[in-house]
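**Student:** If you scroll down you'll find the structure; I have some questions about it.
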Amino acid sequence: GLNWPRNGWPSPPQLLEPTMPRVLVLGGSGFVGRQVCEQLARLGWQITVPTRRASHAARIQNLPGLTVLEASVHSEADLARLMPGHDAVVNLVAVLHGTEARFDHVHVQLPRKIAQAMQTAGVQRLVHISALGADAHGPSMYQRSKAQGETVLHQAQLQLSVLRPSVIFGAEDQFLNLFADLQAVAPFMPLAGSGTRFAPVWVGDVARAVVVCLQKPDTVGQTYELCGPDVMTLGELVQRAGQWAGVNEGRGRPVIGLPMWVGWLQAAAMELAPGEPLMSRDNLASMKVDNIATGQLPGLPALGISAASAAGVAPTYLGHRGPRSK
């Protein structure tokens, strides 16, 4: 017969849990940041999201492995406290409107502070979200400040990947939703810059690009242009937003192209209203150049991502807004 071991079977060797990477996501409570955090959480990564108020991160605070900390990303002392123990950093912090000083504060000085905190803590890996059209000689403060921020990070000698998305759409965007809402109340859409071309990219694909960069060392040193498969003028996008939302029995409202000088006056007036303007003069300046891929840099396919189209995704969220045919 079998000789059973007297003291029972030896216990199996203890399997140690592999430690999952720890990533600090700056801007993690925002539109793109929430998607990045959800995708990282699904992979089991440990995520830290600093925010000025914990309530701002209510949507993501229950994700597994995610820690929300009250801190200011613009504080060098807070960044120095946040950084140690992390394997990588994602920077999603950006502004669309403001003065030259505000753009410099967020797009240039913040990357400088992040780089310094990373170097002090010995953290090397950074995925930075810039913008398509970032150009030191671009027509807008936004584009110039984005380019300056990239330069600061390249000079810091980090393990850097830069992502430059075109305009980003998704269920909670402030782009297609805004134009659909406006068409629900306006008989027509007066629009400056209506001929500027965009390659709208889905927020889920942008988040996926961040995750792939974090996973793949060969993305270090690369800059990627993140564009969707469709190139449309702003006028076409606005019209489609109305159609996808079912406005005017699915026809959308007529788009009336405005000369740039009229748009400039309109934007100047909008800037005087409280809150973030719908359109600023700097936004209009950005639209002097098309917001599409140059073809000189790798894109989503190089990251193994097949880009979703606005026509395939936008109707699924714009169409659930109740009857809009009046």
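Order determines the names: the first chain of the structure tokens is A, the second B, and so forth; residues in each chain are numbered 1 upward, and ligands are numbered 1 upward as they are shown.
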Write out as a Markdown table a residue-level contact list of range 35-106 of chain A versus range 212-227 of chain A with cut-off 10 Å: for each qualifying residue the closest pair of atoms and the distance in Å to one decimal, counting only C-alpha atoms, rows sorted by chain and residue number upward.
**Tutor:**
| residue | atom | partner | partner_atom | distance |
| --- | --- | --- | --- | --- |
| A:Leu40 | CA | A:Leu214 | CA | 9.7 |
| A:Asp87 | CA | A:Leu214 | CA | 9.7 |
| A:Ala88 | CA | A:Leu214 | CA | 7.6 |
| A:Val89 | CA | A:Leu214 | CA | 9.0 |
| A:Val90 | CA | A:Leu214 | CA | 8.8 |
**Student:** Per residue of range 130-217 of chain A within 12 Å of range 249-266 of chain A, which atom pair is closest and at what distance in Å (one decimal), using only C-alpha atoms, listed by chain and increasing number, as a Markdown table?
**Tutor:**
| residue | atom | partner | partner_atom | distance |
| --- | --- | --- | --- | --- |
| A:Phe179 | CA | A:Gly252 | CA | 10.1 |
| A:Ala180 | CA | A:Gly252 | CA | 8.4 |
| A:Asp181 | CA | A:Gly252 | CA | 11.0 |
| A:Leu182 | CA | A:Arg253 | CA | 9.6 |
| A:Gln183 | CA | A:Arg253 | CA | 6.1 |
| A:Ala184 | CA | A:Arg253 | CA | 8.7 |
| A:Val185 | CA | A:Arg253 | CA | 9.9 |
| A:Ala186 | CA | A:Arg253 | CA | 7.9 |
| A:Pro187 | CA | A:Arg253 | CA | 6.3 |
| A:Phe188 | CA | A:Pro254 | CA | 5.0 |
| A:Met189 | CA | A:Val255 | CA | 4.6 |
| A:Pro190 | CA | A:Ile256 | CA | 4.7 |
| A:Leu191 | CA | A:Gly257 | CA | 5.0 |
| A:Ala192 | CA | A:Leu258 | CA | 4.6 |
| A:Gly193 | CA | A:Met260 | CA | 6.7 |
| A:Ser194 | CA | A:Gly257 | CA | 5.7 |
| A:Gly195 | CA | A:Gly257 | CA | 8.0 |
| A:Thr196 | CA | A:Gly257 | CA | 10.9 |
**Student:** For Gly204 in chain A, list every protein, DNA or RNA residue within 12 Å, evaluated using only C-alpha atoms, and leave out those in the same chain fewer than 6 positions away; present the list as JSON, numbers by chain.
**Tutor:** {"A": [31, 32, 33, 34, 35, 36, 37, 38, 39, 165, 168, 169, 170, 171, 172, 173, 210, 211, 226, 228, 300, 305, 306, 307, 308, 309, 310, 313]}
**Student:** Mind dumping the selected residues with C-alpha atoms as a PDB file, in the first residue's frame?
**Tutor:**
ATOM      1  CA  PHE A  31     -12.475  63.403 -18.453  1.00  0.00           C
ATOM      2  CA  VAL A  32      -9.492  61.439 -19.801  1.00  0.00           C
ATOM      3  CA  GLY A  33      -8.073  60.652 -16.363  1.00  0.00           C
ATOM      4  CA  ARG A  34     -11.132  58.692 -15.230  1.00  0.00           C
ATOM      5  CA  GLN A  35     -10.802  56.425 -18.280  1.00  0.00           C
ATOM      6  CA  VAL A  36      -7.075  55.936 -17.659  1.00  0.00           C
ATOM      7  CA  CYS A  37      -7.736  55.004 -14.014  1.00  0.00           C
ATOM      8  CA  GLU A  38     -10.474  52.526 -14.967  1.00  0.00           C
ATOM      9  CA  GLN A  39      -8.219  50.780 -17.484  1.00  0.00           C
ATOM     10  CA  PRO A 165      -4.326  63.830 -29.251  1.00  0.00           C
ATOM     11  CA  ILE A 168     -11.167  64.123 -27.778  1.00  0.00           C
ATOM     12  CA  PHE A 169     -14.776  62.913 -27.799  1.00  0.00           C
ATOM     13  CA  GLY A 170     -16.638  60.581 -25.463  1.00  0.00           C
ATOM     14  CA  ALA A 171     -19.783  60.246 -23.390  1.00  0.00           C
ATOM     15  CA  GLU A 172     -18.835  63.074 -21.023  1.00  0.00           C
ATOM     16  CA  ASP A 173     -17.056  65.327 -23.517  1.00  0.00           C
ATOM     17  CA  VAL A 210      -1.522  55.797 -22.081  1.00  0.00           C
ATOM     18  CA  VAL A 211      -1.779  52.257 -20.720  1.00  0.00           C
ATOM     19  CA  LEU A 226      -3.514  60.284 -31.571  1.00  0.00           C
ATOM     20  CA  GLY A 228      -9.424  59.028 -35.103  1.00  0.00           C
ATOM     21  CA  LEU A 300      -2.529  54.725 -32.629  1.00  0.00           C
ATOM     22  CA  ILE A 305      -4.889  50.339 -31.283  1.00  0.00           C
ATOM     23  CA  SER A 306      -7.544  50.391 -33.980  1.00  0.00           C
ATOM     24  CA  ALA A 307      -9.135  53.810 -33.574  1.00  0.00           C
ATOM     25  CA  ALA A 308     -12.905  54.079 -33.065  1.00  0.00           C
ATOM     26  CA  SER A 309     -14.779  56.509 -35.299  1.00  0.00           C
ATOM     27  CA  ALA A 310     -16.924  59.369 -34.069  1.00  0.00           C
ATOM     28  CA  VAL A 313     -19.420  55.959 -30.931  1.00  0.00           C
TER      29      VAL A 313
END
**Student:** Taking the DSSP assignment computed from this structure's backbone, write out as a PyMOL selection string all residues of range 61-299 of chain A that belong to strand (DSSP E or B).
**Tutor:** chain A and resi 66-70+88-91+125-129+159-165+168-169+189-192+197-198+201-202+223-226+232-233+255-258+291+299
**Student:** Looking at only C-alpha atoms, which of A:Thr316, A:Val49, A:Gly98, A:Pro200 is the one that sits closest to Ser280 in chain A?
**Tutor:** A:Gly98
**Student:** Using only C-alpha atoms, find each residue of range 142-172 of chain A with at least one atom at most 12 Å away from an atom of range 101-106 of chain A; report its shortest atom-to-atom pair and that distance in Å (one decimal), sort the rows by chain and rising residue number, and return the result as a tab-separated table.
**Tutor:**
residue	atom	partner	partner_atom	distance
A:Tyr142	CA	A:Phe103	CA	6.4
A:Gln143	CA	A:Phe103	CA	9.5
A:Arg144	CA	A:Phe103	CA	9.1
A:Ser145	CA	A:Asp104	CA	6.0
A:Lys146	CA	A:Phe103	CA	8.3
A:Ala147	CA	A:Asp104	CA	10.7
A:Gln148	CA	A:Asp104	CA	8.6
A:Gly149	CA	A:Asp104	CA	8.5
A:Val152	CA	A:Asp104	CA	11.7
**Student:** From the options A:Leu43, A:Ser161, A:Phe198, A:Thr67, which residue's atoms come nearest to Leu237 in chain A, counting only C-alpha atoms?
**Tutor:**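 Among the listed residues, the smallest separation from Leu237 in chain A belongs to A:Phe198.
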**Student:** Which residue, A:Leu160, A:Val95, A:Ala77, A:Val68, has the smallest gap to Pro50 in chain A when you use only C-alpha atoms?
**Tutor:**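 The answer is A:Val68, which sits nearest to Pro50 in chain A.
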**Student:** A:Ser130, A:Gln155, A:Asn91, A:Ser75: which is nearest Lys113 in chain A, counting only C-alpha atoms?
**Tutor:**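 Using only C-alpha atoms, the shortest distance to Lys113 in chain A belongs to A:Ser75.
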